[in-house]
Amino acid sequence: MDFKVSLAVAVVALGACTDPATLGSGDDPNKNAKDGALIGAIVGTGIGLATAGGDKGKSALIGAAAGAAAGGLIGNELDKQAAELRNNLANDGISITNTGDSLVVSLPQDITFDTDSFTVRPSLQSDLGTVAAHLLKYPDSTVRVVGHTDSEGDASYNLGLSQRRANAVADILQSDGVPYSRLQTSGRGEEQPVASNLTEEGRAQNRRVEIIVVPYAS
């Protein structure tokens, strides 16, 4: 991509994702929609360049604009779904994050499993039923169930445990009606921490299963 194309794409992405009225604000209610627009602009730019004929600059600009619009709609839709799911879940230990292009439902180990176990606690199964009902209400997505551990103990054991825990959560979602074809499971072991493993608080955050809801591109 030459300088002119890069400049055009940057202008579109910034225009879609930056509101001067919210610059410097730490609590922008439109942040997730803007993040989605930015992601869409980047993806759209790539598509525009890949399918371009003679005028790559024009194709990139059109692709970025279309991608930004679609990404912004996804971000807004995920905001609505996140708020709805929060209202329906009974356990406030479950966190829900809108990344702009996906919804991440994080289940901490401390409320989901006993130590070294991959049997989901009965107290959490009703909340997983709520998540399953939400997934059935909004069927246009894939669902990635990913297990994570802290760095304590043997890495290979942690990897296997994280996979078994992801499978256990996915099995409950499936038993509550989510089609197997929508579910993808994987274990990451200690490879993707979200906090420091040097403190107990950080290790507790790292021990989790994430249900990642990724909407289909329209």
# chains A, B, ... in the order shown; residues from 1 in each chain; ligands from 1
call {"tool": "select_by_dssp", "arguments": {"residues": "region 118-188 of chain A", "states": "strand (DSSP E or B)", "output": "PyMOL selection string"}}
result
chain A and resi 141-148+183-187
call {"tool": "residues_around", "arguments": {"residues": "Ile94 (chain A)", "least_positions_apart": "6", "cutoff": "10 Å", "atoms": "only C-alpha atoms", "output": "VMD selection string"}}
result
chain A and resid 86 105 to 108 111 to 112 124 127 210
call {"tool": "write_last_selection", "arguments": {"atoms": "C-alpha atoms", "output": "short mmCIF file (atom, residue, chain, number, x, y, z; two decimals), in the first residue's frame"}}
result
data_model
loop_
_atom_site.label_atom_id
_atom_site.label_comp_id
_atom_site.auth_asym_id
_atom_site.auth_seq_id
_atom_site.Cartn_x
_atom_site.Cartn_y
_atom_site.Cartn_z
CA ARG A 86 -25.74 -9.23 32.41
CA VAL A 105 -18.09 -14.27 28.84
CA SER A 106 -15.44 -15.13 31.43
CA LEU A 107 -16.08 -17.84 34.02
CA PRO A 108 -13.51 -17.73 36.86
CA ILE A 111 -17.00 -20.22 40.86
CA THR A 112 -16.90 -22.84 38.09
CA LEU A 124 -23.15 -22.48 38.00
CA ASP A 127 -26.13 -19.58 34.62
CA GLU A 210 -13.96 -17.95 28.30
#
call {"tool": "select_by_dssp", "arguments": {"residues": "region 155-205 of chain A", "states": "alpha helix (DSSP H)", "output": "CSV table (one decimal) with C-alpha atoms, in the first residue's frame"}}
result
chain,number,residue,atom,x,y,z
A,155,ALA,CA,2.6,-26.9,31.9
A,156,SER,CA,1.5,-30.0,30.0
A,157,TYR,CA,-0.9,-30.9,32.9
A,158,ASN,CA,-2.3,-27.4,32.9
A,159,LEU,CA,-2.8,-27.6,29.1
A,160,GLY,CA,-4.8,-30.8,29.4
A,161,LEU,CA,-6.9,-29.5,32.3
A,162,SER,CA,-7.8,-26.3,30.4
A,163,GLN,CA,-9.0,-28.4,27.5
A,164,ARG,CA,-11.1,-30.7,29.7
A,165,ARG,CA,-12.6,-27.7,31.4
A,166,ALA,CA,-13.5,-26.0,28.0
A,167,ASN,CA,-15.0,-29.3,26.9
A,168,ALA,CA,-17.1,-29.5,30.1
A,169,VAL,CA,-18.5,-26.1,29.6
A,170,ALA,CA,-19.2,-26.7,25.9
A,171,ASP,CA,-21.0,-30.0,26.8
A,172,ILE,CA,-23.4,-28.1,29.1
A,173,LEU,CA,-24.1,-25.5,26.4
A,174,GLN,CA,-24.8,-28.3,23.9
A,175,SER,CA,-27.1,-30.2,26.4
A,200,GLU,CA,-2.6,-15.0,44.1
A,201,GLU,CA,-5.0,-12.4,42.9
A,202,GLY,CA,-3.4,-12.5,39.4
A,203,ARG,CA,-3.4,-16.3,39.3
A,204,ALA,CA,-7.1,-16.4,40.3
A,205,GLN,CA,-7.9,-14.1,37.3
call {"tool": "residues_around", "arguments": {"residues": "Ser123 (chain A)", "least_positions_apart": "6", "cutoff": "12 Å", "atoms": "only C-alpha atoms", "output": "PDB file with C-alpha atoms, in the first residue's frame"}}
result
ATOM      1  CA  ALA A  90     -27.519 -14.586  38.620  1.00  0.00           C
ATOM      2  CA  ASN A  91     -23.804 -14.813  39.476  1.00  0.00           C
ATOM      3  CA  ASP A 110     -13.280 -20.240  41.691  1.00  0.00           C
ATOM      4  CA  ILE A 111     -16.999 -20.219  40.860  1.00  0.00           C
ATOM      5  CA  THR A 112     -16.902 -22.839  38.091  1.00  0.00           C
ATOM      6  CA  PHE A 113     -14.686 -25.742  39.200  1.00  0.00           C
ATOM      7  CA  ASP A 114     -13.107 -27.201  42.302  1.00  0.00           C
ATOM      8  CA  GLY A 129     -28.288 -22.453  30.873  1.00  0.00           C
TER       9      GLY A 129
END
call {"tool": "residues_around", "arguments": {"residues": "Thr97 (chain A)", "least_positions_apart": "5", "cutoff": "12 Å", "atoms": "only C-alpha atoms", "output": "list in words"}}
result
Asn32, Gly75, Leu78, Asp79, Lys80, Gln81, Ala82, Ala83, Leu85, Arg86, Ser102, Leu103, Val104, Val105, Ser106, Leu107, Glu210, Ile211, Ile212 and Val213 of chain A
call {"tool": "closest_residue", "arguments": {"among": "A:Gly187, A:Gly93, A:Gly147, A:Gly177", "to": "Arg207 (chain A)", "atoms": "only C-alpha atoms"}}
result
A:Gly147
call {"tool": "closest_residue", "arguments": {"among": "A:Gly100, A:Pro139, A:Gly153, A:Pro179", "to": "Ile74 (chain A)", "atoms": "only C-alpha atoms"}}
result
A:Gly100
call {"tool": "closest_residue", "arguments": {"among": "A:Val214, A:Val178, A:Leu198, A:Leu183", "to": "Ser141 (chain A)", "atoms": "only C-alpha atoms"}}
result
A:Val214
call {"tool": "decode", "arguments": {"residues": "region 144-166 of chain A", "atoms": "N, CA and C atoms", "output": "PDB file, in the first residue's frame"}}
result
ATOM      1  N   ARG A 144     -16.666 -19.873  20.703  1.00  0.00           N
ATOM      2  CA  ARG A 144     -15.393 -20.491  21.055  1.00  0.00           C
ATOM      3  C   ARG A 144     -15.323 -20.612  22.580  1.00  0.00           C
ATOM      4  N   VAL A 145     -15.141 -21.818  23.056  1.00  0.00           N
ATOM      5  CA  VAL A 145     -15.012 -22.055  24.495  1.00  0.00           C
ATOM      6  C   VAL A 145     -13.548 -22.391  24.761  1.00  0.00           C
ATOM      7  N   VAL A 146     -12.870 -21.513  25.520  1.00  0.00           N
ATOM      8  CA  VAL A 146     -11.421 -21.611  25.683  1.00  0.00           C
ATOM      9  C   VAL A 146     -11.065 -21.696  27.167  1.00  0.00           C
ATOM     10  N   GLY A 147     -10.318 -22.736  27.534  1.00  0.00           N
ATOM     11  CA  GLY A 147      -9.889 -22.919  28.915  1.00  0.00           C
ATOM     12  C   GLY A 147      -8.507 -22.332  29.152  1.00  0.00           C
ATOM     13  N   HIS A 148      -8.309 -21.761  30.350  1.00  0.00           N
ATOM     14  CA  HIS A 148      -7.031 -21.154  30.732  1.00  0.00           C
ATOM     15  C   HIS A 148      -6.689 -21.542  32.166  1.00  0.00           C
ATOM     16  N   THR A 149      -5.403 -21.619  32.470  1.00  0.00           N
ATOM     17  CA  THR A 149      -4.950 -21.873  33.834  1.00  0.00           C
ATOM     18  C   THR A 149      -3.916 -20.818  34.229  1.00  0.00           C
ATOM     19  N   ASP A 150      -3.479 -20.875  35.505  1.00  0.00           N
ATOM     20  CA  ASP A 150      -2.327 -20.076  35.899  1.00  0.00           C
ATOM     21  C   ASP A 150      -1.058 -20.865  35.574  1.00  0.00           C
ATOM     22  N   SER A 151       0.101 -20.375  36.037  1.00  0.00           N
ATOM     23  CA  SER A 151       1.368 -21.021  35.682  1.00  0.00           C
ATOM     24  C   SER A 151       1.867 -21.975  36.761  1.00  0.00           C
ATOM     25  N   GLU A 152       1.070 -22.206  37.796  1.00  0.00           N
ATOM     26  CA  GLU A 152       1.481 -23.135  38.839  1.00  0.00           C
ATOM     27  C   GLU A 152       1.416 -24.582  38.320  1.00  0.00           C
ATOM     28  N   GLY A 153       2.409 -25.397  38.693  1.00  0.00           N
ATOM     29  CA  GLY A 153       2.386 -26.800  38.303  1.00  0.00           C
ATOM     30  C   GLY A 153       2.969 -27.052  36.924  1.00  0.00           C
ATOM     31  N   ASP A 154       2.770 -28.263  36.456  1.00  0.00           N
ATOM     32  CA  ASP A 154       3.329 -28.713  35.185  1.00  0.00           C
ATOM     33  C   ASP A 154       2.547 -28.124  34.005  1.00  0.00           C
ATOM     34  N   ALA A 155       3.263 -27.577  33.039  1.00  0.00           N
ATOM     35  CA  ALA A 155       2.617 -26.897  31.906  1.00  0.00           C
ATOM     36  C   ALA A 155       1.763 -27.856  31.084  1.00  0.00           C
ATOM     37  N   SER A 156       2.248 -29.067  30.858  1.00  0.00           N
ATOM     38  CA  SER A 156       1.477 -30.016  30.046  1.00  0.00           C
ATOM     39  C   SER A 156       0.205 -30.444  30.772  1.00  0.00           C
ATOM     40  N   TYR A 157       0.287 -30.596  32.092  1.00  0.00           N
ATOM     41  CA  TYR A 157      -0.913 -30.931  32.867  1.00  0.00           C
ATOM     42  C   TYR A 157      -1.923 -29.788  32.788  1.00  0.00           C
ATOM     43  N   ASN A 158      -1.429 -28.567  32.930  1.00  0.00           N
ATOM     44  CA  ASN A 158      -2.308 -27.400  32.857  1.00  0.00           C
ATOM     45  C   ASN A 158      -2.993 -27.305  31.497  1.00  0.00           C
ATOM     46  N   LEU A 159      -2.258 -27.616  30.449  1.00  0.00           N
ATOM     47  CA  LEU A 159      -2.844 -27.568  29.105  1.00  0.00           C
ATOM     48  C   LEU A 159      -3.986 -28.570  28.982  1.00  0.00           C
ATOM     49  N   GLY A 160      -3.762 -29.797  29.447  1.00  0.00           N
ATOM     50  CA  GLY A 160      -4.812 -30.812  29.382  1.00  0.00           C
ATOM     51  C   GLY A 160      -6.013 -30.453  30.234  1.00  0.00           C
ATOM     52  N   LEU A 161      -5.760 -29.903  31.448  1.00  0.00           N
ATOM     53  CA  LEU A 161      -6.853 -29.509  32.328  1.00  0.00           C
ATOM     54  C   LEU A 161      -7.690 -28.401  31.692  1.00  0.00           C
ATOM     55  N   SER A 162      -7.020 -27.433  31.073  1.00  0.00           N
ATOM     56  CA  SER A 162      -7.754 -26.328  30.441  1.00  0.00           C
ATOM     57  C   SER A 162      -8.633 -26.828  29.298  1.00  0.00           C
ATOM     58  N   GLN A 163      -8.154 -27.823  28.551  1.00  0.00           N
ATOM     59  CA  GLN A 163      -8.963 -28.391  27.460  1.00  0.00           C
ATOM     60  C   GLN A 163     -10.164 -29.143  28.015  1.00  0.00           C
ATOM     61  N   ARG A 164      -9.948 -29.921  29.078  1.00  0.00           N
ATOM     62  CA  ARG A 164     -11.053 -30.673  29.666  1.00  0.00           C
ATOM     63  C   ARG A 164     -12.112 -29.731  30.245  1.00  0.00           C
ATOM     64  N   ARG A 165     -11.678 -28.633  30.823  1.00  0.00           N
ATOM     65  CA  ARG A 165     -12.635 -27.670  31.370  1.00  0.00           C
ATOM     66  C   ARG A 165     -13.424 -26.974  30.254  1.00  0.00           C
ATOM     67  N   ALA A 166     -12.748 -26.644  29.172  1.00  0.00           N
ATOM     68  CA  ALA A 166     -13.460 -26.048  28.032  1.00  0.00           C
ATOM     69  C   ALA A 166     -14.493 -27.029  27.489  1.00  0.00           C
TER      70      ALA A 166
END
